[in-house]
$ cat data_15.pdb   # PDB, C-alpha atoms
ATOM      1  CA  MET A   1     -51.138  31.693  54.696
ATOM      2  CA  ASN A   2     -52.319  28.153  53.974
ATOM      3  CA  LYS A   3     -55.238  26.409  55.689
ATOM      4  CA  TYR A   4     -52.968  24.261  57.817
ATOM      5  CA  THR A   5     -51.229  27.336  59.230
ATOM      6  CA  LYS A   6     -54.591  28.803  60.187
ATOM      7  CA  THR A   7     -55.560  25.573  61.926
ATOM      8  CA  LEU A   8     -52.387  25.627  63.984
ATOM      9  CA  LEU A   9     -52.888  29.243  64.936
ATOM     10  CA  GLN A  10     -56.386  28.387  66.117
ATOM     11  CA  GLY A  11     -54.889  25.864  68.515
ATOM     12  CA  ARG A  12     -56.339  22.685  67.011
ATOM     13  CA  THR A  13     -53.120  20.709  67.043
ATOM     14  CA  HIS A  14     -50.784  19.354  69.661
ATOM     15  CA  HIS A  15     -47.290  20.756  70.078
ATOM     16  CA  ILE A  16     -45.314  18.097  68.228
ATOM     17  CA  ILE A  17     -41.849  19.611  67.876
ATOM     18  CA  LEU A  18     -39.447  16.863  68.817
ATOM     19  CA  GLN A  19     -37.036  17.931  71.518
ATOM     20  CA  GLY A  20     -33.614  18.998  70.299
ATOM     21  CA  MET A  21     -34.582  19.090  66.613
ATOM     22  CA  LYS A  22     -34.007  22.058  64.344
ATOM     23  CA  TYR A  23     -35.869  22.293  61.055
ATOM     24  CA  THR A  24     -35.277  23.955  57.720
ATOM     25  CA  ASP A  25     -38.071  25.600  55.745
ATOM     26  CA  ALA A  26     -37.601  25.281  51.980
ATOM     27  CA  HIS A  27     -40.439  27.646  51.088
ATOM     28  CA  CYS A  28     -42.128  30.443  52.973
ATOM     29  CA  HIS A  29     -43.089  34.103  52.703
ATOM     30  CA  ILE A  30     -41.855  35.218  56.122
ATOM     31  CA  PHE A  31     -40.243  38.657  55.921
ATOM     32  CA  SER A  32     -38.688  38.355  59.366
ATOM     33  CA  ALA A  33     -36.518  35.966  61.356
ATOM     34  CA  PRO A  34     -37.756  32.358  61.420
ATOM     35  CA  ALA A  35     -39.154  30.611  64.477
ATOM     36  CA  ASP A  36     -36.698  29.585  67.208
ATOM     37  CA  ASN A  37     -36.810  25.903  66.248
ATOM     38  CA  VAL A  38     -36.087  26.707  62.585
ATOM     39  CA  ALA A  39     -32.410  26.778  61.694
ATOM     40  CA  ALA A  40     -32.961  28.420  58.315
ATOM     41  CA  GLN A  41     -35.673  29.339  55.838
ATOM     42  CA  VAL A  42     -36.081  30.291  52.186
ATOM     43  CA  CYS A  43     -38.316  33.321  51.710
ATOM     44  CA  ASN A  44     -39.819  33.660  48.231
ATOM     45  CA  ALA A  45     -40.956  36.809  46.456
ATOM     46  CA  THR A  46     -44.273  36.973  44.635
ATOM     47  CA  THR A  47     -43.987  40.438  43.051
ATOM     48  CA  VAL A  48     -41.278  42.900  42.052
ATOM     49  CA  ALA A  49     -42.277  45.004  45.057
ATOM     50  CA  ASP A  50     -40.884  42.257  47.320
ATOM     51  CA  TRP A  51     -37.403  42.189  45.841
ATOM     52  CA  GLU A  52     -35.630  45.035  47.634
ATOM     53  CA  LYS A  53     -37.219  44.021  50.942
ATOM     54  CA  LEU A  54     -35.782  40.533  50.521
ATOM     55  CA  VAL A  55     -32.325  41.830  49.652
ATOM     56  CA  GLN A  56     -32.383  43.692  52.961
ATOM     57  CA  ILE A  57     -33.427  40.747  55.155
ATOM     58  CA  ALA A  58     -31.133  38.086  53.662
ATOM     59  CA  ASP A  59     -28.772  36.581  56.235
ATOM     60  CA  ASP A  60     -27.455  33.202  57.435
ATOM     61  CA  ARG A  61     -30.929  32.095  58.583
ATOM     62  CA  THR A  62     -33.084  33.752  55.936
ATOM     63  CA  HIS A  63     -32.172  32.858  52.372
ATOM     64  CA  VAL A  64     -34.151  34.638  49.702
ATOM     65  CA  CYS A  65     -35.484  34.322  46.166
ATOM     66  CA  ILE A  66     -36.678  36.970  43.748
ATOM     67  CA  GLY A  67     -39.207  36.284  41.037
ATOM     68  CA  ILE A  68     -42.718  36.938  39.795
ATOM     69  CA  HIS A  69     -45.388  34.473  40.882
ATOM     70  CA  PRO A  70     -47.755  33.347  38.092
ATOM     71  CA  TRP A  71     -50.682  34.872  39.997
ATOM     72  CA  HIS A  72     -49.022  38.292  39.856
ATOM     73  CA  ILE A  73     -47.645  38.639  36.346
ATOM     74  CA  ASP A  74     -49.991  41.567  35.660
ATOM     75  CA  SER A  75     -48.159  43.570  38.340
ATOM     76  CA  ALA A  76     -44.794  43.268  36.562
ATOM     77  CA  VAL A  77     -43.115  46.544  35.629
ATOM     78  CA  PRO A  78     -41.768  46.897  32.063
ATOM     79  CA  ASP A  79     -38.108  46.528  33.072
ATOM     80  CA  TRP A  80     -38.623  43.664  35.540
ATOM     81  CA  ALA A  81     -36.136  41.355  33.782
ATOM     82  CA  GLU A  82     -33.428  44.011  33.814
ATOM     83  CA  GLN A  83     -34.065  44.644  37.507
ATOM     84  CA  MET A  84     -33.925  40.924  38.276
ATOM     85  CA  CYS A  85     -30.625  40.413  36.492
ATOM     86  CA  LYS A  86     -29.117  43.453  38.203
ATOM     87  CA  ILE A  87     -30.081  42.227  41.680
ATOM     88  CA  LEU A  88     -28.871  38.684  40.983
ATOM     89  CA  SER A  89     -25.563  39.970  39.600
ATOM     90  CA  SER A  90     -24.986  42.039  42.735
ATOM     91  CA  ASN A  91     -26.115  39.291  45.137
ATOM     92  CA  PRO A  92     -24.639  35.898  44.213
ATOM     93  CA  HIS A  93     -26.434  34.179  47.113
ATOM     94  CA  ILE A  94     -29.965  35.129  45.970
ATOM     95  CA  MET A  95     -32.072  32.488  44.188
ATOM     96  CA  VAL A  96     -34.953  32.735  41.709
ATOM     97  CA  GLY A  97     -38.554  32.246  42.846
ATOM     98  CA  GLU A  98     -41.403  31.890  43.193
ATOM     99  CA  ILE A  99     -41.975  31.251  39.494
ATOM    100  CA  GLY A 100     -44.145  28.870  37.501
ATOM    101  CA  ILE A 101     -47.473  28.172  35.832
ATOM    102  CA  ASP A 102     -50.929  27.771  37.384
ATOM    103  CA  LYS A 103     -53.714  26.302  35.257
ATOM    104  CA  TYR A 104     -56.403  27.752  37.494
ATOM    105  CA  HIS A 105     -55.334  31.370  37.050
ATOM    106  CA  PRO A 106     -55.808  33.483  33.906
ATOM    107  CA  ASN A 107     -53.416  34.363  31.084
ATOM    108  CA  ILE A 108     -51.770  30.951  30.715
ATOM    109  CA  ASP A 109     -49.871  32.001  27.594
ATOM    110  CA  ARG A 110     -48.398  34.974  29.433
ATOM    111  CA  GLN A 111     -47.629  32.790  32.462
ATOM    112  CA  ILE A 112     -45.701  30.454  30.166
ATOM    113  CA  GLU A 113     -43.780  33.397  28.728
ATOM    114  CA  PHE A 114     -42.868  34.713  32.185
ATOM    115  CA  PHE A 115     -41.876  31.294  33.486
ATOM    116  CA  ALA A 116     -39.695  30.513  30.471
ATOM    117  CA  TYR A 117     -37.927  33.866  30.722
ATOM    118  CA  GLN A 118     -37.333  33.540  34.467
ATOM    119  CA  ILE A 119     -36.025  29.977  34.248
ATOM    120  CA  GLU A 120     -33.650  31.148  31.530
ATOM    121  CA  ILE A 121     -32.406  33.894  33.854
ATOM    122  CA  ALA A 122     -31.899  31.320  36.621
ATOM    123  CA  ILE A 123     -29.918  29.112  34.234
ATOM    124  CA  LYS A 124     -27.846  32.034  32.952
ATOM    125  CA  MET A 125     -27.100  33.244  36.490
ATOM    126  CA  ASN A 126     -26.613  29.664  37.765
ATOM    127  CA  ARG A 127     -29.134  30.008  40.602
ATOM    128  CA  PRO A 128     -31.582  27.518  42.093
ATOM    129  CA  ALA A 129     -35.177  28.088  40.983
ATOM    130  CA  HIS A 130     -38.235  27.638  43.207
ATOM    131  CA  LEU A 131     -41.133  26.355  41.170
ATOM    132  CA  HIS A 132     -44.897  26.790  41.572
ATOM    133  CA  CYS A 133     -46.910  24.469  39.352
ATOM    134  CA  VAL A 134     -50.617  23.652  39.551
ATOM    135  CA  GLY A 135     -52.261  21.581  36.824
ATOM    136  CA  ALA A 136     -49.644  22.541  34.249
ATOM    137  CA  TRP A 137     -46.861  19.987  34.537
ATOM    138  CA  ASP A 138     -47.019  19.243  30.813
ATOM    139  CA  LYS A 139     -46.175  22.869  30.046
ATOM    140  CA  VAL A 140     -43.474  23.097  32.717
ATOM    141  CA  LEU A 141     -41.829  19.867  31.571
ATOM    142  CA  HIS A 142     -41.881  21.021  27.945
ATOM    143  CA  ILE A 143     -40.011  24.199  28.900
ATOM    144  CA  LEU A 144     -37.490  22.276  31.012
ATOM    145  CA  LYS A 145     -36.946  19.688  28.284
ATOM    146  CA  ASP A 146     -36.075  22.419  25.799
ATOM    147  CA  ARG A 147     -33.552  24.009  28.177
ATOM    148  CA  ARG A 148     -32.123  21.000  30.084
ATOM    149  CA  PRO A 149     -31.262  22.970  33.246
ATOM    150  CA  ARG A 150     -28.597  21.715  35.637
ATOM    151  CA  ILE A 151     -29.435  24.157  38.402
ATOM    152  CA  PRO A 152     -31.361  22.885  41.426
ATOM    153  CA  ILE A 153     -35.100  23.120  40.845
ATOM    154  CA  ILE A 154     -37.224  23.084  43.979
ATOM    155  CA  ALA A 155     -40.715  21.760  43.243
ATOM    156  CA  HIS A 156     -42.636  23.737  45.857
ATOM    157  CA  ALA A 157     -45.592  21.950  47.526
ATOM    158  CA  PHE A 158     -45.055  19.037  45.183
ATOM    159  CA  GLY A 159     -48.318  17.318  44.350
ATOM    160  CA  GLY A 160     -47.488  15.648  41.075
ATOM    161  CA  ASN A 161     -47.844  11.931  40.461
ATOM    162  CA  THR A 162     -45.135   9.288  40.089
ATOM    163  CA  ALA A 163     -44.786   9.867  36.331
ATOM    164  CA  ILE A 164     -44.217  13.585  36.867
ATOM    165  CA  MET A 165     -41.706  12.864  39.618
ATOM    166  CA  THR A 166     -39.831  10.519  37.274
ATOM    167  CA  ALA A 167     -39.777  13.160  34.528
ATOM    168  CA  LEU A 168     -38.545  15.849  36.926
ATOM    169  CA  ALA A 169     -35.859  13.510  38.242
ATOM    170  CA  GLU A 170     -34.057  13.898  34.907
ATOM    171  CA  TYR A 171     -33.109  17.331  36.178
ATOM    172  CA  ASN A 172     -31.610  18.391  39.495
ATOM    173  CA  THR A 173     -35.035  18.502  41.144
ATOM    174  CA  TYR A 174     -35.788  18.637  44.858
ATOM    175  CA  PHE A 175     -39.290  17.713  46.013
ATOM    176  CA  SER A 176     -40.553  20.039  48.723
ATOM    177  CA  TYR A 177     -43.467  18.788  50.815
ATOM    178  CA  GLY A 178     -45.883  20.671  53.016
ATOM    179  CA  MET A 179     -49.036  19.649  54.799
ATOM    180  CA  ARG A 180     -52.060  19.199  52.528
ATOM    181  CA  GLY A 181     -54.832  19.396  55.074
ATOM    182  CA  ASP A 182     -53.863  16.659  57.514
ATOM    183  CA  HIS A 183     -51.660  14.579  55.211
ATOM    184  CA  ILE A 184     -48.566  14.564  53.016
ATOM    185  CA  ALA A 185     -48.565  13.824  49.280
ATOM    186  CA  ASP A 186     -48.097  10.093  48.668
ATOM    187  CA  THR A 187     -44.993  10.574  46.493
ATOM    188  CA  ALA A 188     -43.049  11.501  49.632
ATOM    189  CA  LYS A 189     -42.821   7.739  50.207
ATOM    190  CA  ILE A 190     -40.799   7.143  47.032
ATOM    191  CA  ALA A 191     -38.977  10.446  46.499
ATOM    192  CA  PRO A 192     -35.171  10.100  46.540
ATOM    193  CA  VAL A 193     -34.186  10.708  50.149
ATOM    194  CA  ASP A 194     -31.400  13.079  49.096
ATOM    195  CA  LYS A 195     -33.952  15.232  47.225
ATOM    196  CA  ILE A 196     -36.619  15.676  49.928
ATOM    197  CA  LEU A 197     -37.322  19.058  51.513
ATOM    198  CA  VAL A 198     -40.092  20.294  53.822
ATOM    199  CA  GLU A 199     -41.832  23.658  53.817
ATOM    200  CA  SER A 200     -44.348  25.714  55.758
ATOM    201  CA  ASP A 201     -45.508  28.027  52.917
ATOM    202  CA  SER A 202     -46.287  30.376  55.783
ATOM    203  CA  ASP A 203     -46.190  34.160  56.008
ATOM    204  CA  THR A 204     -45.723  34.166  59.787
ATOM    205  CA  PRO A 205     -43.292  32.313  62.092
ATOM    206  CA  SER A 206     -46.061  31.662  64.634
ATOM    207  CA  ALA A 207     -46.783  28.103  63.483
ATOM    208  CA  GLN A 208     -43.779  27.563  61.227
ATOM    209  CA  ALA A 209     -41.919  25.015  63.349
ATOM    210  CA  GLU A 210     -45.083  23.016  64.073
ATOM    211  CA  ILE A 211     -45.868  22.735  60.351
ATOM    212  CA  LEU A 212     -42.324  21.605  59.540
ATOM    213  CA  ALA A 213     -42.306  19.118  62.418
ATOM    214  CA  THR A 214     -45.639  17.648  61.355
ATOM    215  CA  ALA A 215     -44.532  17.346  57.741
ATOM    216  CA  THR A 216     -41.304  15.630  58.782
ATOM    217  CA  ARG A 217     -43.164  13.245  61.062
ATOM    218  CA  GLU A 218     -45.711  12.349  58.357
ATOM    219  CA  ILE A 219     -43.010  11.709  55.756
ATOM    220  CA  ALA A 220     -41.170   9.511  58.246
ATOM    221  CA  LYS A 221     -44.381   7.513  58.780
ATOM    222  CA  LEU A 222     -44.820   7.023  55.040
ATOM    223  CA  ARG A 223     -41.219   5.924  54.619
ATOM    224  CA  GLU A 224     -41.197   3.900  57.851
ATOM    225  CA  CYS A 225     -38.024   5.589  59.029
ATOM    226  CA  ASP A 226     -36.812   7.510  62.066
ATOM    227  CA  ALA A 227     -38.009  11.145  62.102
ATOM    228  CA  HIS A 228     -34.767  12.439  63.633
ATOM    229  CA  GLU A 229     -32.653  10.773  60.953
ATOM    230  CA  LEU A 230     -34.981  11.991  58.228
ATOM    231  CA  ASN A 231     -34.806  15.538  59.575
ATOM    232  CA  GLU A 232     -31.014  15.416  59.501
ATOM    233  CA  GLN A 233     -31.121  14.315  55.855
ATOM    234  CA  ILE A 234     -33.639  17.038  54.966
ATOM    235  CA  ASN A 235     -31.408  19.651  56.583
ATOM    236  CA  LYS A 236     -28.455  18.282  54.601
ATOM    237  CA  ASN A 237     -30.491  18.537  51.391
ATOM    238  CA  PHE A 238     -31.450  22.111  52.264
ATOM    239  CA  THR A 239     -27.807  23.005  52.828
ATOM    240  CA  GLY A 240     -26.936  21.579  49.424
ATOM    241  CA  VAL A 241     -29.410  23.915  47.736
ATOM    242  CA  ILE A 242     -28.253  26.943  49.727
ATOM    243  CA  ASN A 243     -24.573  26.268  49.137
ATOM    244  CA  TYR A 244     -25.185  25.992  45.405
ATOM    245  CA  ALA A 245     -26.295  29.618  45.473
ATOM    246  CA  ARG A 246     -23.107  30.829  47.152
TER     247      ARG A 246
END

$ encode --input "data_15.pdb" --output "structure tokens"
Amino acid sequence: MNKYTKTLLQGRTHHIILQGMKYTDAHCHIFSAPADNVAAQVCNATTVADWEKLVQIADDRTHVCIGIHPWHIDSAVPDWAEQMCKILSSNPHIMVGEIGIDKYHPNIDRQIEFFAYQIEIAIKMNRPAHLHCVGAWDKVLHILKDRRPRIPIIAHAFGGNTAIMTALAEYNTYFSYGMRGDHIADTAKIAPVDKILVESDSDTPSAQAEILATATREIAKLRECDAHELNEQINKNFTGVINYAR
């Protein structure tokens, strides 16, 4: 659960869900149905232990990803890649994630190895990949450059600069934004409107809709556009990612 979720749960924010709006959550860890105001969500795995649970909860509102988070590579079982490929082969709607590289966690070389292998599986299986990257965009971009993926890549909690956004735009990259404290990353102002997503990164539906509504509102402020129209475009973008995996 991120800090913004905790703040909402402590009641320090106003209820800002705009009437009649339904949101989509591009990245969360909610192993249950989403909040009432959330039309659909993408629930990401962090360890192999999550995978079978996610297979069981997948439905029209909860879309799921399987993968090994860079924080949890030490928990990987020896045959994790075989298990992943088997599940993906049997479930053509399941995506790959949460995968990536995190500079501030140990075993960078092993993180790189795991990320490269998992992105190759995503490419082979033709599935969208949900990407976690902190302080390691040079390494991520090197791996992507070598493989030139065409699959959708969802840059979760995107915090890269304009140069990184430009480099990622060479691929089929979607930029997913969540609340960073009380603001949105500045690149949300210039991201291609057909590649913007919003996320809660939450593990509970309690504050999910409020987080998504706030993120949508803040992006609309940055872009000086109507929040309802932006939300409709975000939902369309979300549907494009989901339909790719079907």

$ resolve_selection --input "data_15.pdb" --expression "the PyMOL selection byres ((chain A and resi 157-166) around 6)" --output "VMD selection string"
chain A and resid 155 to 156 167 to 169 175 to 178

$ residues_around --input "data_15.pdb" --residues "Thr239 of chain A" --least-positions-apart "4" --cutoff "12 Å" --atoms "all atoms listed in the file" --output "MDAnalysis selection string"
chainID A and resid 23:26 39:42 60:61 63 152 194:197 232:235 243:246

$ write_last_selection --input "data_15.pdb" --atoms "C-alpha atoms" --output "PDB file, in the coordinates of the input"
ATOM      1  CA  TYR A  23     -35.869  22.293  61.055  1.00  0.00           C
ATOM      2  CA  THR A  24     -35.277  23.955  57.720  1.00  0.00           C
ATOM      3  CA  ASP A  25     -38.071  25.600  55.745  1.00  0.00           C
ATOM      4  CA  ALA A  26     -37.601  25.281  51.980  1.00  0.00           C
ATOM      5  CA  ALA A  39     -32.410  26.778  61.694  1.00  0.00           C
ATOM      6  CA  ALA A  40     -32.961  28.420  58.315  1.00  0.00           C
ATOM      7  CA  GLN A  41     -35.673  29.339  55.838  1.00  0.00           C
ATOM      8  CA  VAL A  42     -36.081  30.291  52.186  1.00  0.00           C
ATOM      9  CA  ASP A  60     -27.455  33.202  57.435  1.00  0.00           C
ATOM     10  CA  ARG A  61     -30.929  32.095  58.583  1.00  0.00           C
ATOM     11  CA  HIS A  63     -32.172  32.858  52.372  1.00  0.00           C
ATOM     12  CA  PRO A 152     -31.361  22.885  41.426  1.00  0.00           C
ATOM     13  CA  ASP A 194     -31.400  13.079  49.096  1.00  0.00           C
ATOM     14  CA  LYS A 195     -33.952  15.232  47.225  1.00  0.00           C
ATOM     15  CA  ILE A 196     -36.619  15.676  49.928  1.00  0.00           C
ATOM     16  CA  LEU A 197     -37.322  19.058  51.513  1.00  0.00           C
ATOM     17  CA  GLU A 232     -31.014  15.416  59.501  1.00  0.00           C
ATOM     18  CA  GLN A 233     -31.121  14.315  55.855  1.00  0.00           C
ATOM     19  CA  ILE A 234     -33.639  17.038  54.966  1.00  0.00           C
ATOM     20  CA  ASN A 235     -31.408  19.651  56.583  1.00  0.00           C
ATOM     21  CA  ASN A 243     -24.573  26.268  49.137  1.00  0.00           C
ATOM     22  CA  TYR A 244     -25.185  25.992  45.405  1.00  0.00           C
ATOM     23  CA  ALA A 245     -26.295  29.618  45.473  1.00  0.00           C
ATOM     24  CA  ARG A 246     -23.107  30.829  47.152  1.00  0.00           C
TER      25      ARG A 246
END

$ residues_around --input "data_15.pdb" --residues "Ile121 of chain A" --least-positions-apart "4" --cutoff "8 Å" --atoms "all atoms listed in the file" --output "PyMOL selection string"
chain A and resi 85+117+125

$ closest_residue --input "data_15.pdb" --among "A:Asp138, A:Cys133, A:Val64, A:Arg148" --to "Pro92 of chain A" --atoms "all atoms listed in the file"
A:Val64

$ closest_residue --input "data_15.pdb" --among "A:Val48, A:Arg223, A:Ala215, A:Lys145" --to "Pro78 of chain A" --atoms "only C-alpha atoms"
A:Val48

$ atom_distance --input "data_15.pdb" --atom1 "atom CA of Trp51 of chain A" --atom2 "atom CA of Pro106 of chain A"
23.6 Å

$ atom_distance --input "data_15.pdb" --atom1 "atom CA of His27 of chain A" --atom2 "atom CA of Cys43 of chain A"
6.1 Å

$ atom_distance --input "data_15.pdb" --atom1 "atom CA of Pro70 of chain A" --atom2 "atom CA of His142 of chain A"
17.0 Å

$ closest_residue --input "data_15.pdb" --among "A:Thr173, A:Ser32, A:Ser206, A:Thr214" --to "Pro192 of chain A" --atoms "only C-alpha atoms"
A:Thr173

$ residues_around --input "data_15.pdb" --residues "His228 of chain A" --least-positions-apart "4" --cutoff "9 Å" --atoms "all atoms listed in the file" --output "list in words"
Leu18, Met21, Thr216, Arg217, Ala220, Glu232 and Gln233 of chain A

$ closest_residue --input "data_15.pdb" --among "A:Leu131, A:Ala136, A:Ala188, A:Cys28" --to "Ile153 of chain A" --atoms "only C-alpha atoms"
A:Leu131

$ closest_residue --input "data_15.pdb" --among "A:Lys221, A:Arg150, A:His105, A:Arg180" --to "Ser200 of chain A" --atoms "all atoms listed in the file"
A:Arg180

$ axis_aligned_box --input "data_15.pdb" --around "segment 240-244 of chain A" --padding-each-side "6 Å" --output "lines of an AutoDock Vina configuration file"
center_x = -27.0
center_y = 24.3
center_z = 47.6
size_x = 16.8
size_y = 17.4
size_z = 16.3

$ residues_around --input "data_15.pdb" --residues "segment 111-114 of chain A" --least-positions-apart "3" --cutoff "9 Å" --atoms "only C-alpha atoms" --output "MDAnalysis selection string"
chainID A and resid 68:71 73 99:102 106:108 117:119 139:140 143

$ closest_residue --input "data_15.pdb" --among "A:Val55, A:Ala45, A:Gly135, A:Lys124" --to "Ser90 of chain A" --atoms "only C-alpha atoms"
A:Val55

$ residues_around --input "data_15.pdb" --residues "Gln208 of chain A" --least-positions-apart "2" --cutoff "9 Å" --atoms "all atoms listed in the file" --output "PyMOL selection string"
chain A and resi 5+25+28+34-35+37-38+199-206+210-213
